[in-house]
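Trainee: My structure file protein20.cif, mmCIF, C-alpha atoms, is below:
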```
data_query
#
loop_
_atom_site.group_PDB
_atom_site.id
_atom_site.type_symbol
_atom_site.label_atom_id
_atom_site.label_comp_id
_atom_site.auth_asym_id
_atom_site.auth_seq_id
_atom_site.Cartn_x
_atom_site.Cartn_y
_atom_site.Cartn_z
ATOM 1 C CA MET A 1 7.060 -21.874 -5.519
ATOM 2 C CA ARG A 2 9.424 -18.966 -5.943
ATOM 3 C CA PRO A 3 9.418 -15.704 -3.997
ATOM 4 C CA VAL A 4 7.397 -12.896 -5.536
ATOM 5 C CA ILE A 5 8.226 -9.214 -5.915
ATOM 6 C CA ILE A 6 5.061 -7.128 -5.904
ATOM 7 C CA VAL A 7 5.497 -3.685 -7.440
ATOM 8 C CA PHE A 8 3.059 -1.226 -5.851
ATOM 9 C CA ALA A 9 2.007 1.619 -8.146
ATOM 10 C CA LYS A 10 -0.659 4.253 -8.527
ATOM 11 C CA ALA A 11 -2.282 4.818 -11.905
ATOM 12 C CA PRO A 12 -0.329 7.622 -13.667
ATOM 13 C CA LEU A 13 -3.021 10.295 -13.466
ATOM 14 C CA PRO A 14 -2.004 13.983 -13.354
ATOM 15 C CA GLY A 15 -2.581 15.528 -9.945
ATOM 16 C CA ARG A 16 -2.685 12.139 -8.150
ATOM 17 C CA VAL A 17 0.956 11.006 -8.362
ATOM 18 C CA LYS A 18 4.318 12.504 -7.374
ATOM 19 C CA THR A 19 2.569 15.598 -6.056
ATOM 20 C CA ARG A 20 5.588 16.506 -3.923
ATOM 21 C CA LEU A 21 7.409 17.322 -7.177
ATOM 22 C CA MET A 22 4.914 20.095 -7.874
ATOM 23 C CA PRO A 23 4.959 23.005 -8.584
ATOM 24 C CA ALA A 24 8.598 22.553 -9.653
ATOM 25 C CA VAL A 25 7.159 20.364 -12.429
ATOM 26 C CA THR A 26 3.648 20.374 -13.837
ATOM 27 C CA ALA A 27 1.071 17.770 -12.863
ATOM 28 C CA ASP A 28 1.324 16.272 -16.365
ATOM 29 C CA ASP A 29 5.107 15.993 -16.139
ATOM 30 C CA ALA A 30 4.885 14.519 -12.638
ATOM 31 C CA ALA A 31 2.561 11.843 -14.028
ATOM 32 C CA ARG A 32 4.939 11.175 -16.920
ATOM 33 C CA LEU A 33 7.831 10.801 -14.511
ATOM 34 C CA HIS A 34 5.822 8.472 -12.303
ATOM 35 C CA GLY A 35 5.008 6.298 -15.303
ATOM 36 C CA ALA A 36 8.711 6.158 -16.191
ATOM 37 C CA PHE A 37 9.687 5.316 -12.601
ATOM 38 C CA VAL A 38 7.301 2.349 -12.578
ATOM 39 C CA SER A 39 8.506 1.186 -16.006
ATOM 40 C CA ASP A 40 12.143 1.279 -14.897
ATOM 41 C CA THR A 41 11.281 -0.514 -11.676
ATOM 42 C CA LEU A 42 9.447 -3.295 -13.529
ATOM 43 C CA ARG A 43 12.243 -3.685 -16.059
ATOM 44 C CA ASN A 44 14.856 -3.901 -13.315
ATOM 45 C CA VAL A 45 13.035 -6.536 -11.270
ATOM 46 C CA LEU A 46 12.245 -8.610 -14.360
ATOM 47 C CA ASP A 47 15.957 -8.579 -15.205
ATOM 48 C CA LEU A 48 16.697 -9.822 -11.688
ATOM 49 C CA ARG A 49 15.124 -13.246 -12.426
ATOM 50 C CA ALA A 50 15.341 -14.183 -8.739
ATOM 51 C CA ALA A 51 11.595 -14.053 -8.161
ATOM 52 C CA ASP A 52 8.264 -13.847 -9.925
ATOM 53 C CA VAL A 53 6.890 -10.329 -10.464
ATOM 54 C CA GLU A 54 3.404 -8.900 -10.030
ATOM 55 C CA LEU A 55 2.019 -5.368 -10.418
ATOM 56 C CA HIS A 56 -0.546 -4.166 -7.884
ATOM 57 C CA THR A 57 -2.243 -0.859 -8.721
ATOM 58 C CA ASP A 58 -4.559 1.373 -6.708
ATOM 59 C CA ILE A 59 -7.196 1.454 -9.476
ATOM 60 C CA LYS A 60 -7.654 -0.274 -12.814
ATOM 61 C CA THR A 61 -5.297 1.075 -15.450
ATOM 62 C CA ASP A 62 -3.948 0.013 -18.841
ATOM 63 C CA ALA A 63 -0.542 1.523 -18.057
ATOM 64 C CA TRP A 64 2.537 -0.740 -18.186
ATOM 65 C CA GLY A 65 0.696 -3.430 -20.157
ATOM 66 C CA GLU A 66 3.799 -3.983 -22.281
ATOM 67 C CA PHE A 67 5.464 -5.833 -19.398
ATOM 68 C CA GLY A 68 2.918 -8.640 -19.381
ATOM 69 C CA VAL A 69 3.128 -9.285 -15.649
ATOM 70 C CA PRO A 70 0.184 -10.515 -13.553
ATOM 71 C CA ARG A 71 -1.883 -7.659 -12.114
ATOM 72 C CA ARG A 72 -4.064 -7.228 -9.073
ATOM 73 C CA LEU A 73 -5.854 -4.347 -7.420
ATOM 74 C CA GLN A 74 -4.588 -3.240 -4.033
ATOM 75 C CA HIS A 75 -6.780 -3.841 -0.997
ATOM 76 C CA GLU A 76 -8.915 -1.016 0.359
ATOM 77 C CA GLY A 77 -7.546 0.938 3.322
ATOM 78 C CA ASP A 78 -4.359 2.740 4.272
ATOM 79 C CA LEU A 79 -0.922 1.737 3.010
ATOM 80 C CA GLY A 80 -0.320 -0.613 5.933
ATOM 81 C CA LEU A 81 -3.489 -2.563 5.258
ATOM 82 C CA LYS A 82 -2.805 -2.657 1.522
ATOM 83 C CA MET A 83 0.655 -4.100 2.113
ATOM 84 C CA LEU A 84 -0.463 -6.540 4.803
ATOM 85 C CA GLN A 85 -3.161 -8.010 2.577
ATOM 86 C CA SER A 86 -0.837 -8.315 -0.435
ATOM 87 C CA LEU A 87 1.883 -9.998 1.635
ATOM 88 C CA ARG A 88 -0.606 -12.350 3.275
ATOM 89 C CA ALA A 89 -2.200 -13.349 -0.018
ATOM 90 C CA ALA A 90 1.164 -14.166 -1.575
ATOM 91 C CA LEU A 91 2.341 -16.215 1.400
ATOM 92 C CA ALA A 92 -1.018 -18.026 1.545
ATOM 93 C CA GLU A 93 -0.423 -19.148 -2.043
ATOM 94 C CA GLY A 94 2.684 -20.972 -0.851
ATOM 95 C CA ARG A 95 5.318 -18.380 -1.633
ATOM 96 C CA PRO A 96 8.319 -18.730 0.721
ATOM 97 C CA GLN A 97 8.747 -14.957 0.717
ATOM 98 C CA ALA A 98 6.867 -11.954 -0.634
ATOM 99 C CA MET A 99 8.340 -8.521 -1.248
ATOM 100 C CA ILE A 100 6.534 -5.245 -1.857
ATOM 101 C CA LEU A 101 8.590 -2.742 -3.825
ATOM 102 C CA GLY A 102 7.687 0.872 -4.428
ATOM 103 C CA SER A 103 8.604 2.792 -7.573
ATOM 104 C CA ASP A 104 10.271 5.835 -5.994
ATOM 105 C CA ALA A 105 13.779 4.358 -6.392
ATOM 106 C CA PRO A 106 13.932 3.484 -10.109
ATOM 107 C CA ASP A 107 17.746 3.387 -10.007
ATOM 108 C CA LEU A 108 17.957 0.882 -7.131
ATOM 109 C CA PRO A 109 20.773 -1.638 -7.811
ATOM 110 C CA GLU A 110 19.857 -5.313 -8.089
ATOM 111 C CA GLY A 111 22.101 -6.220 -5.169
ATOM 112 C CA TYR A 112 19.891 -4.325 -2.743
ATOM 113 C CA LEU A 113 16.903 -6.484 -3.646
ATOM 114 C CA GLU A 114 18.989 -9.653 -3.656
ATOM 115 C CA ARG A 115 20.102 -8.850 -0.110
ATOM 116 C CA LEU A 116 16.480 -8.597 1.056
ATOM 117 C CA LEU A 117 15.546 -11.821 -0.724
ATOM 118 C CA ALA A 118 18.474 -13.582 0.976
ATOM 119 C CA SER A 119 17.398 -12.498 4.457
ATOM 120 C CA ASN A 120 16.156 -15.231 6.784
ATOM 121 C CA ALA A 121 14.382 -12.702 9.010
ATOM 122 C CA ASP A 122 10.595 -12.714 9.176
ATOM 123 C CA VAL A 123 10.670 -9.165 7.807
ATOM 124 C CA ALA A 124 13.437 -7.425 5.855
ATOM 125 C CA LEU A 125 13.247 -3.699 5.122
ATOM 126 C CA GLY A 126 15.070 -1.682 2.487
ATOM 127 C CA PRO A 127 15.696 1.635 4.256
ATOM 128 C CA CYS A 128 15.536 5.087 2.666
ATOM 129 C CA ALA A 129 17.467 8.056 3.998
ATOM 130 C CA ASP A 130 14.239 9.989 4.623
ATOM 131 C CA GLY A 131 13.023 7.535 7.267
ATOM 132 C CA GLY A 132 10.862 5.409 4.999
ATOM 133 C CA PHE A 133 11.641 2.217 3.113
ATOM 134 C CA TYR A 134 11.819 1.333 -0.567
ATOM 135 C CA ALA A 135 10.852 -2.318 -0.036
ATOM 136 C CA ILE A 136 9.595 -4.767 2.568
ATOM 137 C CA ALA A 137 10.082 -8.525 2.264
ATOM 138 C CA ALA A 138 8.220 -10.932 4.537
ATOM 139 C CA ARG A 139 8.371 -14.636 5.319
ATOM 140 C CA ARG A 140 5.733 -14.256 8.041
ATOM 141 C CA THR A 141 3.111 -11.627 8.791
ATOM 142 C CA GLU A 142 1.130 -10.583 11.832
ATOM 143 C CA GLU A 143 -2.088 -8.554 12.039
ATOM 144 C CA ALA A 144 -0.457 -5.692 13.943
ATOM 145 C CA MET A 145 2.834 -5.493 12.049
ATOM 146 C CA PHE A 146 1.957 -1.986 10.793
ATOM 147 C CA ALA A 147 -0.091 -0.862 13.810
ATOM 148 C CA GLY A 148 0.508 2.780 14.720
ATOM 149 C CA VAL A 149 2.686 3.566 11.698
ATOM 150 C CA GLU A 150 2.350 7.166 10.553
ATOM 151 C CA TRP A 151 2.783 6.998 6.787
ATOM 152 C CA SER A 152 4.706 9.771 4.986
ATOM 153 C CA SER A 153 5.924 11.100 8.325
ATOM 154 C CA GLY A 154 9.627 10.276 8.088
ATOM 155 C CA ARG A 155 9.117 7.918 11.034
ATOM 156 C CA GLU A 156 7.508 5.021 9.235
ATOM 157 C CA ARG A 157 10.580 2.767 9.068
ATOM 158 C CA GLY A 158 11.321 2.998 12.789
ATOM 159 C CA GLN A 159 7.647 2.610 13.664
ATOM 160 C CA THR A 160 7.321 -0.423 11.370
ATOM 161 C CA ILE A 161 10.346 -2.068 13.002
ATOM 162 C CA GLU A 162 8.850 -1.464 16.451
ATOM 163 C CA ALA A 163 5.407 -2.760 15.412
ATOM 164 C CA CYS A 164 6.883 -5.900 13.840
ATOM 165 C CA ARG A 165 8.972 -6.653 16.913
ATOM 166 C CA ARG A 166 5.996 -6.112 19.209
ATOM 167 C CA SER A 167 4.172 -8.660 17.042
ATOM 168 C CA GLY A 168 6.926 -11.218 17.584
ATOM 169 C CA LEU A 169 8.501 -10.891 14.134
ATOM 170 C CA THR A 170 12.244 -10.776 13.578
ATOM 171 C CA VAL A 171 13.429 -7.780 11.537
ATOM 172 C CA GLU A 172 16.506 -7.064 9.463
ATOM 173 C CA CYS A 173 17.429 -4.012 7.379
ATOM 174 C CA GLY A 174 19.213 -4.030 4.043
ATOM 175 C CA GLY A 175 21.221 -1.345 2.298
ATOM 176 C CA LEU A 176 20.339 2.334 2.527
ATOM 177 C CA TRP A 177 19.205 4.035 -0.693
ATOM 178 C CA ASP A 178 17.700 7.410 -1.607
ATOM 179 C CA ASP A 179 14.277 7.530 -3.176
ATOM 180 C CA VAL A 180 12.937 10.320 -5.385
ATOM 181 C CA ASP A 181 10.268 12.392 -3.666
ATOM 182 C CA THR A 182 11.143 16.075 -4.097
ATOM 183 C CA PRO A 183 12.632 18.268 -6.864
ATOM 184 C CA ALA A 184 15.998 18.171 -5.081
ATOM 185 C CA ASP A 185 16.110 14.410 -5.679
ATOM 186 C CA LEU A 186 15.734 14.644 -9.472
ATOM 187 C CA PRO A 187 19.195 15.722 -10.730
ATOM 188 C CA ARG A 188 20.964 12.472 -9.791
ATOM 189 C CA LEU A 189 18.640 10.508 -12.093
ATOM 190 C CA LYS A 190 19.748 12.341 -15.243
ATOM 191 C CA ASP A 191 22.852 10.195 -15.650
ATOM 192 C CA SER A 192 21.471 6.956 -14.249
ATOM 193 C CA ASN A 193 22.080 3.809 -16.284
ATOM 194 C CA ARG A 194 19.539 1.859 -14.206
ATOM 195 C CA ALA A 195 16.709 4.340 -14.692
ATOM 196 C CA THR A 196 17.068 5.008 -18.383
ATOM 197 C CA LEU A 197 13.433 5.806 -19.164
ATOM 198 C CA SER A 198 13.198 8.013 -16.067
ATOM 199 C CA ALA A 199 16.391 9.816 -17.089
ATOM 200 C CA ASP A 200 15.163 10.324 -20.668
ATOM 201 C CA THR A 201 11.804 11.614 -19.420
ATOM 202 C CA LEU A 202 13.499 13.910 -16.929
ATOM 203 C CA ARG A 203 15.592 15.521 -19.676
ATOM 204 C CA SER A 204 12.378 16.544 -21.425
ATOM 205 C CA VAL A 205 10.816 18.049 -18.281
ATOM 206 C CA ARG A 206 11.133 21.721 -17.407
ATOM 207 C CA ILE A 207 11.970 22.130 -13.729
ATOM 208 C CA CYS A 208 11.078 25.496 -12.221
ATOM 209 C CA THR A 209 13.255 26.696 -9.377
#
```
Can the structure from this file be put into structure tokens for me?

Mentor:
Amino acid sequence: MRPVIIVFAKAPLPGRVKTRLMPAVTADDAARLHGAFVSDTLRNVLDLRAADVELHTDIKTDAWGEFGVPRRLQHEGDLGLKMLQSLRAALAEGRPQAMILGSDAPDLPEGYLERLLASNADVALGPCADGGFYAIAARRTEEAMFAGVEWSSGRERGQTIEACRRSGLTVECGGLWDDVDTPADLPRLKDSNRATLSADTLRSVRICT
């Protein structure tokens, strides 16, 4: 079997996604941007052709049906438990490696994902400048690999590395990339040629400063 890239996404409902962009953009526009980010992410990983692709959403949604990729619902619990269960399920199917990819870096170059897929470490992380990570790829998992991680704290990457190493897993980091979380992160997407739908959507959004 081939590796699998699992895109994690929330249903694009106003007021539930990209809330850190508000009130600089409206809840409706934040949801539109989120939908575009996920679409660009799916398109980019499907173009990669180095792995199979799945979409795992927090709740049932008809969004992104045009991509025709297999879908599953995320496990109950916090982000660590959701990711652990998705990684474990994929590896239990016989996948040599499973990667979870968020949608907050819709302009991420292919080479960054290829580097993670090429890693022989038990766990490979794609680091973000804010202290988080845009992706995690695993060849092995352990129950406590996310134990004690404070999500959305800016410390989650370092804490994940520590938890994995305490669990006996080897860890490697790939290339650093910026994700899009706050209004200050939006301008660089306007000219992106790897986030075309996000860029087009952004041009139609009024940003209040």

Trainee: For Arg188 of chain A, find every residue with an atom within 12 Å (counting all atoms listed in the file), except residues of its own chain fewer than 6 positions away, and show them as number ranges by chain.

Mentor: A: 105-107, 178-180, 182, 194-195, 198-199, 202-203

Trainee: Written as a list in words, what is the full residue list that the PyMOL selection byres ((chain A and resi 117) around 8) yields on the file shown?

Mentor: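 Evaluating the PyMOL selection byres ((chain A and resi 117) around 8) on this file yields Pro3, Gln97, Met99, Leu113, Glu114, Arg115, Leu116, Ala118, Ser119 and Ala137 of chain A.
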
Trainee: Using all atoms listed in the file, which residues sit within 10 Å of Asp200 of chain A once same-chain residues fewer than 3 positions away are excluded, as an MDAnalysis selection string?

Mentor: chainID A and resid 33 36 189:192 195:197 203:205

Trainee: Evaluate the PyMOL selection byres ((chain A and resi 12) around 7) against this structure - the residues, as a VMD selection string, please.

Mentor: chain A and resid 10 to 11 13 to 14 17 31 34 to 35

Trainee: Identify the residues within 10 Å of coordinate (3.9, -16.9, -3.1) (same frame as the file), considering only C-alpha atoms, and give the answer as a list in words.

Mentor: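 Those residues lying close to the given coordinates are Met1, Arg2, Pro3, Val4, Ile5, Ala51, Asp52, Leu87, Arg88, Ala89, Ala90, Leu91, Ala92, Glu93, Gly94, Arg95, Pro96, Gln97, Ala98, Met99 and Arg139 of chain A.
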
Trainee: Taking 5 positions as the minimum chain separation for residues in the same chain, which residues sit within 8 Å of segment 154-159 of chain A when counting only C-alpha atoms? Answer as a ChimeraX atom specification.

Mentor: /A:127,130-133,146,148-149

Trainee: What is the distance between atom CA of Val171 of chain A and atom CA of Leu125 of chain A, in Å to one decimal?

Mentor: 7.6 Å

Trainee: Please evaluate the PyMOL selection byres ((chain A and resi 165) around 12) against the structure above and give the resulting residues as a list in words.

Mentor: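 Applied to this file, the PyMOL selection byres ((chain A and resi 165) around 12) returns Ala121, Asp122, Val123, Ala124, Thr141, Glu142, Ala144, Met145, Phe146, Ala147, Gly158, Gln159, Thr160, Ile161, Glu162, Ala163, Cys164, Arg166, Ser167, Gly168, Leu169, Thr170, Val171 and Glu172 of chain A.
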
Trainee: Could the residues in this selection be saved with C-alpha atoms as a short mmCIF file (atom, residue, chain, number, x, y, z; two decimals), in the frame of the given file?

Mentor:
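Output below, filename again_6.cif:
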```cif
data_model
loop_
_atom_site.label_atom_id
_atom_site.label_comp_id
_atom_site.auth_asym_id
_atom_site.auth_seq_id
_atom_site.Cartn_x
_atom_site.Cartn_y
_atom_site.Cartn_z
CA ALA A 121 14.38 -12.70 9.01
CA ASP A 122 10.60 -12.71 9.18
CA VAL A 123 10.67 -9.16 7.81
CA ALA A 124 13.44 -7.42 5.86
CA THR A 141 3.11 -11.63 8.79
CA GLU A 142 1.13 -10.58 11.83
CA ALA A 144 -0.46 -5.69 13.94
CA MET A 145 2.83 -5.49 12.05
CA PHE A 146 1.96 -1.99 10.79
CA ALA A 147 -0.09 -0.86 13.81
CA GLY A 158 11.32 3.00 12.79
CA GLN A 159 7.65 2.61 13.66
CA THR A 160 7.32 -0.42 11.37
CA ILE A 161 10.35 -2.07 13.00
CA GLU A 162 8.85 -1.46 16.45
CA ALA A 163 5.41 -2.76 15.41
CA CYS A 164 6.88 -5.90 13.84
CA ARG A 166 6.00 -6.11 19.21
CA SER A 167 4.17 -8.66 17.04
CA GLY A 168 6.93 -11.22 17.58
CA LEU A 169 8.50 -10.89 14.13
CA THR A 170 12.24 -10.78 13.58
CA VAL A 171 13.43 -7.78 11.54
CA GLU A 172 16.51 -7.06 9.46
#
```

Trainee: List the spatial neighbours of Arg206 of chain A as a PyMOL selection string - criterion: any atom at most 12 Å away, only C-alpha atoms, same-chain residues fewer than 4 positions off excluded.

Mentor: chain A and resi 21-30+33+183+186+201-202

Trainee: Save out the residues we just selected, C-alpha atoms, as a PDB file, in the coordinates of the input.

Mentor:
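Result written to part-v6.pdb:
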```
ATOM      1  CA  LEU A  21       7.409  17.322  -7.177  1.00  0.00           C
ATOM      2  CA  MET A  22       4.914  20.095  -7.874  1.00  0.00           C
ATOM      3  CA  PRO A  23       4.959  23.005  -8.584  1.00  0.00           C
ATOM      4  CA  ALA A  24       8.598  22.553  -9.653  1.00  0.00           C
ATOM      5  CA  VAL A  25       7.159  20.364 -12.429  1.00  0.00           C
ATOM      6  CA  THR A  26       3.648  20.374 -13.837  1.00  0.00           C
ATOM      7  CA  ALA A  27       1.071  17.770 -12.863  1.00  0.00           C
ATOM      8  CA  ASP A  28       1.324  16.272 -16.365  1.00  0.00           C
ATOM      9  CA  ASP A  29       5.107  15.993 -16.139  1.00  0.00           C
ATOM     10  CA  ALA A  30       4.885  14.519 -12.638  1.00  0.00           C
ATOM     11  CA  LEU A  33       7.831  10.801 -14.511  1.00  0.00           C
ATOM     12  CA  PRO A 183      12.632  18.268  -6.864  1.00  0.00           C
ATOM     13  CA  LEU A 186      15.734  14.644  -9.472  1.00  0.00           C
ATOM     14  CA  THR A 201      11.804  11.614 -19.420  1.00  0.00           C
ATOM     15  CA  LEU A 202      13.499  13.910 -16.929  1.00  0.00           C
TER      16      LEU A 202
END
```
